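Source file protein-v7.cif; content: mmCIF, C-alpha atoms.
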data_coords
loop_
_atom_site.label_atom_id
_atom_site.label_comp_id
_atom_site.auth_asym_id
_atom_site.auth_seq_id
_atom_site.Cartn_x
_atom_site.Cartn_y
_atom_site.Cartn_z
CA MET A 1 -28.69 62.52 59.80
CA LEU A 2 -29.24 60.28 62.80
CA SER A 3 -29.93 62.93 65.43
CA ASP A 4 -31.40 60.47 67.92
CA ALA A 5 -28.03 58.73 68.39
CA PRO A 6 -26.29 59.02 71.77
CA ASP A 7 -23.56 61.64 72.12
CA TRP A 8 -20.76 59.06 72.12
CA ILE A 9 -21.92 57.72 68.76
CA MET A 10 -22.13 61.24 67.34
CA GLU A 11 -18.56 61.88 68.53
CA ARG A 12 -17.24 58.67 66.99
CA ARG A 13 -19.00 59.52 63.72
CA ARG A 14 -17.32 62.95 63.70
CA GLU A 15 -13.94 61.36 64.43
CA LEU A 16 -14.40 58.91 61.54
CA GLY A 17 -15.24 61.77 59.20
CA GLU A 18 -12.20 63.73 60.32
CA ARG A 19 -9.89 60.74 59.78
CA ILE A 20 -11.28 60.20 56.30
CA ALA A 21 -10.88 63.90 55.44
CA ASP A 22 -7.33 63.93 56.84
CA ARG A 23 -6.32 60.80 54.91
CA ARG A 24 -7.94 62.17 51.76
CA ALA A 25 -6.00 65.43 52.03
CA ALA A 26 -2.74 63.59 52.80
CA ALA A 27 -3.28 61.54 49.64
CA HIS A 28 -3.74 64.78 47.65
CA HIS A 29 -7.36 64.00 46.80
CA THR A 30 -10.08 66.59 46.63
CA GLN A 31 -13.57 65.52 47.57
CA GLU A 32 -14.36 65.50 43.86
CA SER A 33 -11.42 63.28 42.92
CA LEU A 34 -12.15 60.84 45.75
CA CYS A 35 -15.78 60.67 44.64
CA GLU A 36 -14.72 59.94 41.07
CA ALA A 37 -12.38 57.19 42.27
CA THR A 38 -14.89 55.58 44.66
CA GLY A 39 -18.17 56.13 42.84
CA LEU A 40 -19.66 57.93 45.84
CA SER A 41 -21.68 61.06 45.35
CA ARG A 42 -20.13 64.27 46.60
CA ALA A 43 -23.11 64.82 48.92
CA THR A 44 -22.54 61.40 50.49
CA LEU A 45 -18.84 62.05 51.03
CA GLN A 46 -19.58 65.48 52.48
CA ARG A 47 -22.05 63.96 54.97
CA ILE A 48 -19.56 61.23 55.93
CA GLU A 49 -16.71 63.71 56.45
CA ALA A 50 -18.98 66.04 58.44
CA GLY A 51 -20.01 63.15 60.69
CA GLU A 52 -23.64 63.51 59.69
CA THR A 53 -24.19 59.94 58.54
CA ASP A 54 -22.92 56.42 59.05
CA PRO A 55 -21.12 55.22 55.94
CA ARG A 56 -22.00 51.84 54.50
CA TYR A 57 -19.39 49.13 54.85
CA GLY A 58 -18.95 48.98 51.08
CA ASP A 59 -18.34 52.74 51.00
CA LEU A 60 -15.64 52.37 53.66
CA LEU A 61 -14.05 49.59 51.64
CA ARG A 62 -13.96 51.80 48.54
CA ILE A 63 -12.58 54.80 50.44
CA ALA A 64 -9.90 52.72 52.15
CA ALA A 65 -8.84 51.12 48.87
CA VAL A 66 -8.47 54.44 47.07
CA LEU A 67 -6.59 55.93 50.02
CA HIS A 68 -4.34 52.84 50.22
CA THR A 69 -5.18 52.21 53.85
CA GLU A 70 -7.04 49.71 55.99
CA ILE A 71 -10.57 50.27 57.24
CA ALA A 72 -9.25 49.83 60.78
CA VAL A 73 -7.12 52.97 60.33
CA LEU A 74 -10.20 54.92 59.31
CA VAL A 75 -12.52 53.70 62.04
CA GLY A 76 -9.84 53.91 64.74
#

Would you mind giving the structure from this file in structure tokens?
Amino acid sequence: MLSDAPDWIMERRRELGERIADRRAAAHHTQESLCEATGLSRATLQRIEAGETDPRYGDLLRIAAVLHTEIAVLVG
């Protein structure tokens, strides 16, 4: 977790995680099924969705592809 980040970054990170979780649920994926489809660990996805970490660009690409959306939709 990057606790030394400014509040506005922490908020944007939380928003990103919420959008990913919302899109995942709308696509009828569990965290487990999304992890299987993307190759991410469940712990990594949980940290991303909780806004506790900054996802790697490659991870965002994988998530967006599986959710049939653009990265821009996820990052807002």

Q: Tell me which of A:Glu36, A:Asp54, A:Arg47, A:Ile20 sits closest to Leu67 of chain A, counting only C-alpha atoms.
A: A:Ile20

Q) Distance atom CA of Arg62 of chain A-atom CA of Trp8 of chain A, one decimal place? A)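 Separation of atom CA of Arg62 of chain A and atom CA of Trp8 of chain A: 25.6 Å.
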
(Q) If we count all atoms listed in the file and set the cut-off at 10 Å, which residues sit around Cys35 of chain A, ignoring sequence neighbours fewer than 3 positions away in its own chain? Please answer as a PyMOL selection string. (A) chain A and resi 29-32+38-46+62-63+66

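Taking atom CA of Gly76 of chain A as the reference point, atom CA of Ala5 of chain A is found at 19.2 Å.
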
Q.
Nearest residue to Ala72 of chain A out of A:Arg19, A:Pro6, A:Glu11, A:Gly51, using only C-alpha atoms?
A.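 Of all the options, A:Arg19 lies closest to Ala72 of chain A.
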
Q: Record the distance separating atom CA of Ala26 of chain A and atom CA of Ile9 of chain A, expressed in Å with one decimal.
A: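 About the pair atom CA of Ala26 of chain A and atom CA of Ile9 of chain A: they are 25.6 Å apart.
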
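Using all atoms listed in the file, the nearest neighbour of Glu49 of chain A within the list A:Leu34, A:Val75, A:Ala64, A:Leu16 is A:Leu16.
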
Q. Taking into account all atoms listed in the file, which residue in the set A:Arg12, A:Asp59, A:Glu18, A:Thr69 is nearest to Ala37 of chain A?
A. A:Asp59

**Q.** Nearest candidate to Ala27 of chain A (options A:Pro55, A:Ala65, A:Leu60, A:Asp4; using only C-alpha atoms)
**A.**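 For Ala27 of chain A, the nearest of the candidates is A:Ala65.
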
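Of the residues under consideration (A:Arg56, A:Ile48, A:Glu70, A:His28), A:Ile48 shows the shortest atom-to-atom contact distance to Arg13 of chain A when counting only C-alpha atoms.
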
Keeping just all heavy atoms, export segment 7-22 of chain A of this structure as a PDB file, in the first residue's frame.
ATOM      1  N   ASP A   7      -3.997  12.645  -0.631  1.00  0.00           N
ATOM      2  CA  ASP A   7      -5.395  12.222  -0.527  1.00  0.00           C
ATOM      3  C   ASP A   7      -6.071  12.093  -1.888  1.00  0.00           C
ATOM      4  O   ASP A   7      -6.849  11.168  -2.105  1.00  0.00           O
ATOM      5  CB  ASP A   7      -6.192  13.195   0.348  1.00  0.00           C
ATOM      6  CG  ASP A   7      -5.824  13.085   1.812  1.00  0.00           C
ATOM      7  OD1 ASP A   7      -5.192  12.085   2.211  1.00  0.00           O
ATOM      8  OD2 ASP A   7      -6.162  14.015   2.570  1.00  0.00           O
ATOM      9  N   TRP A   8      -5.791  13.015  -2.809  1.00  0.00           N
ATOM     10  CA  TRP A   8      -6.471  12.962  -4.102  1.00  0.00           C
ATOM     11  C   TRP A   8      -6.070  11.725  -4.891  1.00  0.00           C
ATOM     12  O   TRP A   8      -6.873  11.172  -5.640  1.00  0.00           O
ATOM     13  CB  TRP A   8      -6.246  14.245  -4.906  1.00  0.00           C
ATOM     14  CG  TRP A   8      -4.840  14.489  -5.340  1.00  0.00           C
ATOM     15  CD1 TRP A   8      -3.860  15.139  -4.653  1.00  0.00           C
ATOM     16  CD2 TRP A   8      -4.241  14.079  -6.575  1.00  0.00           C
ATOM     17  NE1 TRP A   8      -2.696  15.165  -5.377  1.00  0.00           N
ATOM     18  CE2 TRP A   8      -2.903  14.528  -6.566  1.00  0.00           C
ATOM     19  CE3 TRP A   8      -4.712  13.391  -7.687  1.00  0.00           C
ATOM     20  CZ2 TRP A   8      -2.030  14.296  -7.621  1.00  0.00           C
ATOM     21  CZ3 TRP A   8      -3.841  13.173  -8.750  1.00  0.00           C
ATOM     22  CH2 TRP A   8      -2.519  13.630  -8.705  1.00  0.00           C
ATOM     23  N   ILE A   9      -4.833  11.263  -4.709  1.00  0.00           N
ATOM     24  CA  ILE A   9      -4.405  10.039  -5.380  1.00  0.00           C
ATOM     25  C   ILE A   9      -5.084   8.838  -4.735  1.00  0.00           C
ATOM     26  O   ILE A   9      -5.554   7.932  -5.430  1.00  0.00           O
ATOM     27  CB  ILE A   9      -2.871   9.883  -5.344  1.00  0.00           C
ATOM     28  CG1 ILE A   9      -2.235  10.936  -6.263  1.00  0.00           C
ATOM     29  CG2 ILE A   9      -2.450   8.466  -5.748  1.00  0.00           C
ATOM     30  CD1 ILE A   9      -0.729  10.924  -6.275  1.00  0.00           C
ATOM     31  N   MET A  10      -5.169   8.835  -3.419  1.00  0.00           N
ATOM     32  CA  MET A  10      -5.844   7.750  -2.718  1.00  0.00           C
ATOM     33  C   MET A  10      -7.305   7.649  -3.172  1.00  0.00           C
ATOM     34  O   MET A  10      -7.821   6.557  -3.391  1.00  0.00           O
ATOM     35  CB  MET A  10      -5.774   7.957  -1.203  1.00  0.00           C
ATOM     36  CG  MET A  10      -4.356   8.005  -0.651  1.00  0.00           C
ATOM     37  SD  MET A  10      -3.459   6.463  -0.858  1.00  0.00           S
ATOM     38  CE  MET A  10      -4.303   5.481   0.349  1.00  0.00           C
ATOM     39  N   GLU A  11      -7.961   8.790  -3.339  1.00  0.00           N
ATOM     40  CA  GLU A  11      -9.354   8.802  -3.779  1.00  0.00           C
ATOM     41  C   GLU A  11      -9.487   8.260  -5.194  1.00  0.00           C
ATOM     42  O   GLU A  11     -10.383   7.461  -5.487  1.00  0.00           O
ATOM     43  CB  GLU A  11      -9.931  10.214  -3.694  1.00  0.00           C
ATOM     44  CG  GLU A  11     -11.379  10.320  -4.120  1.00  0.00           C
ATOM     45  CD  GLU A  11     -12.335   9.477  -3.285  1.00  0.00           C
ATOM     46  OE1 GLU A  11     -12.048   9.210  -2.104  1.00  0.00           O
ATOM     47  OE2 GLU A  11     -13.370   9.062  -3.830  1.00  0.00           O
ATOM     48  N   ARG A  12      -8.619   8.683  -6.081  1.00  0.00           N
ATOM     49  CA  ARG A  12      -8.667   8.183  -7.463  1.00  0.00           C
ATOM     50  C   ARG A  12      -8.403   6.682  -7.514  1.00  0.00           C
ATOM     51  O   ARG A  12      -9.009   5.955  -8.296  1.00  0.00           O
ATOM     52  CB  ARG A  12      -7.644   8.917  -8.347  1.00  0.00           C
ATOM     53  CG  ARG A  12      -7.935  10.386  -8.622  1.00  0.00           C
ATOM     54  CD  ARG A  12      -9.190  10.597  -9.462  1.00  0.00           C
ATOM     55  NE  ARG A  12      -9.200   9.886 -10.712  1.00  0.00           N
ATOM     56  CZ  ARG A  12      -8.819  10.377 -11.882  1.00  0.00           C
ATOM     57  NH1 ARG A  12      -8.415  11.621 -11.982  1.00  0.00           N
ATOM     58  NH2 ARG A  12      -8.856   9.627 -12.961  1.00  0.00           N
ATOM     59  N   ARG A  13      -7.504   6.198  -6.675  1.00  0.00           N
ATOM     60  CA  ARG A  13      -7.204   4.772  -6.609  1.00  0.00           C
ATOM     61  C   ARG A  13      -8.441   3.989  -6.146  1.00  0.00           C
ATOM     62  O   ARG A  13      -8.762   2.941  -6.696  1.00  0.00           O
ATOM     63  CB  ARG A  13      -6.038   4.552  -5.658  1.00  0.00           C
ATOM     64  CG  ARG A  13      -5.450   3.174  -5.717  1.00  0.00           C
ATOM     65  CD  ARG A  13      -4.319   3.014  -4.728  1.00  0.00           C
ATOM     66  NE  ARG A  13      -3.187   3.830  -5.114  1.00  0.00           N
ATOM     67  CZ  ARG A  13      -2.354   4.395  -4.248  1.00  0.00           C
ATOM     68  NH1 ARG A  13      -2.540   4.257  -2.954  1.00  0.00           N
ATOM     69  NH2 ARG A  13      -1.340   5.108  -4.673  1.00  0.00           N
ATOM     70  N   ARG A  14      -9.149   4.533  -5.151  1.00  0.00           N
ATOM     71  CA  ARG A  14     -10.377   3.889  -4.676  1.00  0.00           C
ATOM     72  C   ARG A  14     -11.440   3.882  -5.773  1.00  0.00           C
ATOM     73  O   ARG A  14     -12.137   2.880  -5.971  1.00  0.00           O
ATOM     74  CB  ARG A  14     -10.911   4.603  -3.430  1.00  0.00           C
ATOM     75  CG  ARG A  14     -10.196   4.207  -2.145  1.00  0.00           C
ATOM     76  CD  ARG A  14     -10.882   4.789  -0.925  1.00  0.00           C
ATOM     77  NE  ARG A  14     -10.783   6.242  -0.856  1.00  0.00           N
ATOM     78  CZ  ARG A  14      -9.772   6.905  -0.313  1.00  0.00           C
ATOM     79  NH1 ARG A  14      -8.756   6.239   0.213  1.00  0.00           N
ATOM     80  NH2 ARG A  14      -9.758   8.217  -0.289  1.00  0.00           N
ATOM     81  N   GLU A  15     -11.560   4.990  -6.489  1.00  0.00           N
ATOM     82  CA  GLU A  15     -12.538   5.074  -7.576  1.00  0.00           C
ATOM     83  C   GLU A  15     -12.236   4.055  -8.668  1.00  0.00           C
ATOM     84  O   GLU A  15     -13.147   3.415  -9.208  1.00  0.00           O
ATOM     85  CB  GLU A  15     -12.567   6.486  -8.160  1.00  0.00           C
ATOM     86  CG  GLU A  15     -13.142   7.516  -7.213  1.00  0.00           C
ATOM     87  CD  GLU A  15     -12.911   8.944  -7.683  1.00  0.00           C
ATOM     88  OE1 GLU A  15     -12.259   9.145  -8.740  1.00  0.00           O
ATOM     89  OE2 GLU A  15     -13.365   9.866  -6.991  1.00  0.00           O
ATOM     90  N   LEU A  16     -10.973   3.906  -9.016  1.00  0.00           N
ATOM     91  CA  LEU A  16     -10.562   2.919 -10.016  1.00  0.00           C
ATOM     92  C   LEU A  16     -10.961   1.523  -9.554  1.00  0.00           C
ATOM     93  O   LEU A  16     -11.549   0.747 -10.313  1.00  0.00           O
ATOM     94  CB  LEU A  16      -9.058   2.990 -10.262  1.00  0.00           C
ATOM     95  CG  LEU A  16      -8.447   1.871 -11.104  1.00  0.00           C
ATOM     96  CD1 LEU A  16      -9.014   1.870 -12.505  1.00  0.00           C
ATOM     97  CD2 LEU A  16      -6.931   1.992 -11.122  1.00  0.00           C
ATOM     98  N   GLY A  17     -10.663   1.202  -8.320  1.00  0.00           N
ATOM     99  CA  GLY A  17     -11.015  -0.106  -7.776  1.00  0.00           C
ATOM    100  C   GLY A  17     -12.507  -0.360  -7.804  1.00  0.00           C
ATOM    101  O   GLY A  17     -12.962  -1.456  -8.146  1.00  0.00           O
ATOM    102  N   GLU A  18     -13.283   0.662  -7.475  1.00  0.00           N
ATOM    103  CA  GLU A  18     -14.744   0.529  -7.495  1.00  0.00           C
ATOM    104  C   GLU A  18     -15.258   0.293  -8.915  1.00  0.00           C
ATOM    105  O   GLU A  18     -16.155  -0.526  -9.128  1.00  0.00           O
ATOM    106  CB  GLU A  18     -15.406   1.774  -6.900  1.00  0.00           C
ATOM    107  CG  GLU A  18     -15.234   1.892  -5.410  1.00  0.00           C
ATOM    108  CD  GLU A  18     -15.743   3.213  -4.853  1.00  0.00           C
ATOM    109  OE1 GLU A  18     -16.375   4.000  -5.606  1.00  0.00           O
ATOM    110  OE2 GLU A  18     -15.508   3.466  -3.661  1.00  0.00           O
ATOM    111  N   ARG A  19     -14.690   1.024  -9.888  1.00  0.00           N
ATOM    112  CA  ARG A  19     -15.121   0.837 -11.279  1.00  0.00           C
ATOM    113  C   ARG A  19     -14.792  -0.576 -11.766  1.00  0.00           C
ATOM    114  O   ARG A  19     -15.605  -1.205 -12.446  1.00  0.00           O
ATOM    115  CB  ARG A  19     -14.492   1.893 -12.191  1.00  0.00           C
ATOM    116  CG  ARG A  19     -15.212   3.231 -12.148  1.00  0.00           C
ATOM    117  CD  ARG A  19     -14.750   4.172 -13.235  1.00  0.00           C
ATOM    118  NE  ARG A  19     -13.366   4.573 -13.078  1.00  0.00           N
ATOM    119  CZ  ARG A  19     -12.948   5.565 -12.284  1.00  0.00           C
ATOM    120  NH1 ARG A  19     -13.809   6.255 -11.583  1.00  0.00           N
ATOM    121  NH2 ARG A  19     -11.677   5.869 -12.212  1.00  0.00           N
ATOM    122  N   ILE A  20     -13.614  -1.062 -11.407  1.00  0.00           N
ATOM    123  CA  ILE A  20     -13.247  -2.415 -11.810  1.00  0.00           C
ATOM    124  C   ILE A  20     -14.199  -3.427 -11.169  1.00  0.00           C
ATOM    125  O   ILE A  20     -14.707  -4.327 -11.848  1.00  0.00           O
ATOM    126  CB  ILE A  20     -11.776  -2.721 -11.457  1.00  0.00           C
ATOM    127  CG1 ILE A  20     -10.846  -1.893 -12.359  1.00  0.00           C
ATOM    128  CG2 ILE A  20     -11.481  -4.218 -11.586  1.00  0.00           C
ATOM    129  CD1 ILE A  20      -9.385  -1.947 -11.981  1.00  0.00           C
ATOM    130  N   ALA A  21     -14.465  -3.277  -9.884  1.00  0.00           N
ATOM    131  CA  ALA A  21     -15.367  -4.197  -9.186  1.00  0.00           C
ATOM    132  C   ALA A  21     -16.769  -4.138  -9.788  1.00  0.00           C
ATOM    133  O   ALA A  21     -17.417  -5.185  -9.982  1.00  0.00           O
ATOM    134  CB  ALA A  21     -15.401  -3.876  -7.695  1.00  0.00           C
ATOM    135  N   ASP A  22     -17.244  -2.938 -10.094  1.00  0.00           N
ATOM    136  CA  ASP A  22     -18.577  -2.783 -10.693  1.00  0.00           C
ATOM    137  C   ASP A  22     -18.650  -3.446 -12.060  1.00  0.00           C
ATOM    138  O   ASP A  22     -19.615  -4.146 -12.379  1.00  0.00           O
ATOM    139  CB  ASP A  22     -18.962  -1.305 -10.806  1.00  0.00           C
ATOM    140  CG  ASP A  22     -19.246  -0.656  -9.463  1.00  0.00           C
ATOM    141  OD1 ASP A  22     -19.408  -1.381  -8.451  1.00  0.00           O
ATOM    142  OD2 ASP A  22     -19.287   0.592  -9.422  1.00  0.00           O
TER     143      ASP A  22
END
